[in-house]
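Colleague: Sharing a structure here in structure tokens format.
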Amino acid sequence: MTWRLVDAEQSGGEARLVETDGERVVVEATRPFPVGATLVVEEPDGAAQYRIKVRGGRRAGDGWFRVEGRFVSMTKAERALLLERAERAALLEHAPPKADG
């Protein structure tokens, strides 16, 4: 599941969801974020925006940074939608390839 980074001070970027339980979250981002920063990500279709309060992070390699934090300012409906989309994305990533024919 890939999101677009939304930040008025920086020049965009990407973040991809690694894991979440609906409250805590781990993402890999194309930019580092300091502890205490608020990372704002948006669905590619612009349907939803999520705010993540950064708890820690480190370089993940290949130009990506692992960022750990928690979601802030989310309604129960937004949290349920996020978990549904994350589950769907995980299922698609692990689906066997379609056979030609």
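Within each chain, counting starts at residue 1; across the structure tokens, chains are named A, B, ... in the order shown, with ligands numbered 1 upward in that order.
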From the DSSP assignment of the backbone, select every residue of chain A that is helix (DSSP H, G or I), and format the answer as a VMD selection string.

Modeller: chain A and resid 76 to 93

Colleague: Hey, what's within 6 Å of segment 13-17 of chain A if we count only C-alpha atoms and toss same-chain stuff fewer than 5 positions away? As number ranges by chain, please?

Modeller: A: 1-5, 27-30

Colleague: For N, CA and C atoms, I'd like the residues from the last selection saved as an mmCIF file, in the first residue's frame.

Modeller:
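Below is the file out.cif, written as the result:
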```cif
data_model
loop_
_atom_site.group_PDB
_atom_site.id
_atom_site.type_symbol
_atom_site.label_atom_id
_atom_site.label_comp_id
_atom_site.auth_asym_id
_atom_site.auth_seq_id
_atom_site.Cartn_x
_atom_site.Cartn_y
_atom_site.Cartn_z
ATOM 1 N N MET A 1 0.858 -1.160 0.000
ATOM 2 C CA MET A 1 0.000 0.000 0.000
ATOM 3 C C MET A 1 0.908 1.228 0.000
ATOM 4 N N THR A 2 0.814 2.033 -1.025
ATOM 5 C CA THR A 2 1.686 3.196 -1.177
ATOM 6 C C THR A 2 0.879 4.482 -1.058
ATOM 7 N N TRP A 3 1.444 5.454 -0.349
ATOM 8 C CA TRP A 3 0.828 6.761 -0.171
ATOM 9 C C TRP A 3 1.741 7.847 -0.733
ATOM 10 N N ARG A 4 1.152 9.003 -0.924
ATOM 11 C CA ARG A 4 1.900 10.190 -1.338
ATOM 12 C C ARG A 4 2.166 11.010 -0.085
ATOM 13 N N LEU A 5 3.409 11.479 0.087
ATOM 14 C CA LEU A 5 3.732 12.352 1.217
ATOM 15 C C LEU A 5 3.187 13.747 0.940
ATOM 16 N N VAL A 27 6.030 2.707 8.518
ATOM 17 C CA VAL A 27 6.064 2.984 7.083
ATOM 18 C C VAL A 27 7.509 3.101 6.645
ATOM 19 N N GLU A 28 7.723 2.957 5.362
ATOM 20 C CA GLU A 28 9.012 3.285 4.759
ATOM 21 C C GLU A 28 8.750 4.496 3.884
ATOM 22 N N ALA A 29 9.541 5.551 4.066
ATOM 23 C CA ALA A 29 9.348 6.807 3.346
ATOM 24 C C ALA A 29 10.602 7.167 2.569
ATOM 25 N N THR A 30 10.418 7.973 1.546
ATOM 26 C CA THR A 30 11.552 8.405 0.729
ATOM 27 C C THR A 30 12.319 9.552 1.382
#
```

Colleague: Counting only C-alpha atoms, which of A:Asp21, A:Glu43, A:Glu87, A:Glu68 gets nearest to Arg55 of chain A?

Modeller: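 Between A:Asp21, A:Glu43, A:Glu87, A:Glu68, the residue approaching Arg55 of chain A most closely is A:Glu68.
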
Colleague: So that I can see what lies close to Val6 of chain A, please list as a ChimeraX atom specification the residues with an atom at most 7 Å from it, counting only C-alpha atoms and leaving out residues fewer than 5 positions away in the same chain.

Modeller: /A:12,40-42

Colleague: Among segment 53-99 of chain A, which residues carry a DSSP assignment of strand (DSSP E or B), reported as JSON, numbers by chain?

Modeller: {"A": [53, 54, 55, 56, 57, 58, 59, 60, 61, 64, 65, 66, 67, 68, 69, 70, 71, 72]}

Colleague: Can I get the selected residues back with C-alpha atoms, as a PDB file, in the first residue's frame?

Modeller:
```
ATOM      1  CA  LYS A  53       3.248  11.249  14.867  1.00  0.00           C
ATOM      2  CA  VAL A  54       6.822   9.985  14.513  1.00  0.00           C
ATOM      3  CA  ARG A  55       8.257   7.965  17.423  1.00  0.00           C
ATOM      4  CA  GLY A  56      11.504   6.910  15.743  1.00  0.00           C
ATOM      5  CA  GLY A  57      13.156   5.935  12.511  1.00  0.00           C
ATOM      6  CA  ARG A  58      16.258   4.752  10.729  1.00  0.00           C
ATOM      7  CA  ARG A  59      17.685   4.312   7.263  1.00  0.00           C
ATOM      8  CA  ALA A  60      16.150   1.260   5.569  1.00  0.00           C
ATOM      9  CA  GLY A  61      18.425   1.195   2.513  1.00  0.00           C
ATOM     10  CA  TRP A  64      14.152   4.629   1.959  1.00  0.00           C
ATOM     11  CA  PHE A  65      13.728   5.395   5.666  1.00  0.00           C
ATOM     12  CA  ARG A  66      11.816   3.258   8.167  1.00  0.00           C
ATOM     13  CA  VAL A  67       9.524   5.491  10.228  1.00  0.00           C
ATOM     14  CA  GLU A  68       7.662   4.264  13.307  1.00  0.00           C
ATOM     15  CA  GLY A  69       4.829   6.170  14.926  1.00  0.00           C
ATOM     16  CA  ARG A  70       1.138   6.322  15.694  1.00  0.00           C
ATOM     17  CA  PHE A  71      -1.861   7.642  13.850  1.00  0.00           C
ATOM     18  CA  VAL A  72      -3.324  10.869  15.238  1.00  0.00           C
TER      19      VAL A  72
END
```

Colleague: Compile the contact shell of Arg79 of chain A as a list in words: residues with an atom at most 12 Å away, counting only C-alpha atoms, same-chain residues fewer than 4 positions apart removed.

Modeller: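 Close residues of Arg79 of chain A: Thr20, Asp21, Gly22, Glu23, Arg24, Val25, Ala48, Gln49, Tyr50, Arg51, Arg70, Phe71, Val72, Ser73, Met74, Thr75, Leu83, Glu84, Arg85 and Ala86 of chain A.
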
Colleague: I need the residues from that last selection saved to file as a PDB file, in the first residue's frame (with C-alpha atoms), if you can.

Modeller:
```
ATOM      1  CA  THR A  20      -0.219  -1.339  11.329  1.00  0.00           C
ATOM      2  CA  ASP A  21      -2.704  -2.355  13.976  1.00  0.00           C
ATOM      3  CA  GLY A  22      -4.829   0.728  13.326  1.00  0.00           C
ATOM      4  CA  GLU A  23      -3.088   2.774  16.022  1.00  0.00           C
ATOM      5  CA  ARG A  24       0.625   2.119  15.717  1.00  0.00           C
ATOM      6  CA  VAL A  25       2.179   2.199  12.271  1.00  0.00           C
ATOM      7  CA  ALA A  48      -8.102   9.954   2.512  1.00  0.00           C
ATOM      8  CA  GLN A  49      -5.288  11.633   4.377  1.00  0.00           C
ATOM      9  CA  TYR A  50      -3.574  10.237   7.495  1.00  0.00           C
ATOM     10  CA  ARG A  51      -1.380  11.962  10.077  1.00  0.00           C
ATOM     11  CA  ARG A  70       1.138   6.322  15.694  1.00  0.00           C
ATOM     12  CA  PHE A  71      -1.861   7.642  13.850  1.00  0.00           C
ATOM     13  CA  VAL A  72      -3.324  10.869  15.238  1.00  0.00           C
ATOM     14  CA  SER A  73      -6.672  12.611  14.703  1.00  0.00           C
ATOM     15  CA  MET A  74      -8.398   9.546  13.204  1.00  0.00           C
ATOM     16  CA  THR A  75     -12.070   8.739  13.540  1.00  0.00           C
ATOM     17  CA  LEU A  83      -7.452  -1.391   8.076  1.00  0.00           C
ATOM     18  CA  GLU A  84      -9.752  -2.655   5.316  1.00  0.00           C
ATOM     19  CA  ARG A  85      -7.568  -1.099   2.597  1.00  0.00           C
ATOM     20  CA  ALA A  86      -4.374  -2.410   4.237  1.00  0.00           C
TER      21      ALA A  86
END
```

Colleague: Please report the interatomic distance between atom CA of Phe33 of chain A and atom CA of Asp45 of chain A in Å with one decimal.

Modeller: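 Taking atom CA of Phe33 of chain A and atom CA of Asp45 of chain A, their separation equals 23.7 Å.
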
Colleague: Quick check, in Å to one decimal: how far apart do atom CA of Ala90 of chain A and atom CA of Val35 of chain A lie?

Modeller: 27.5 Å
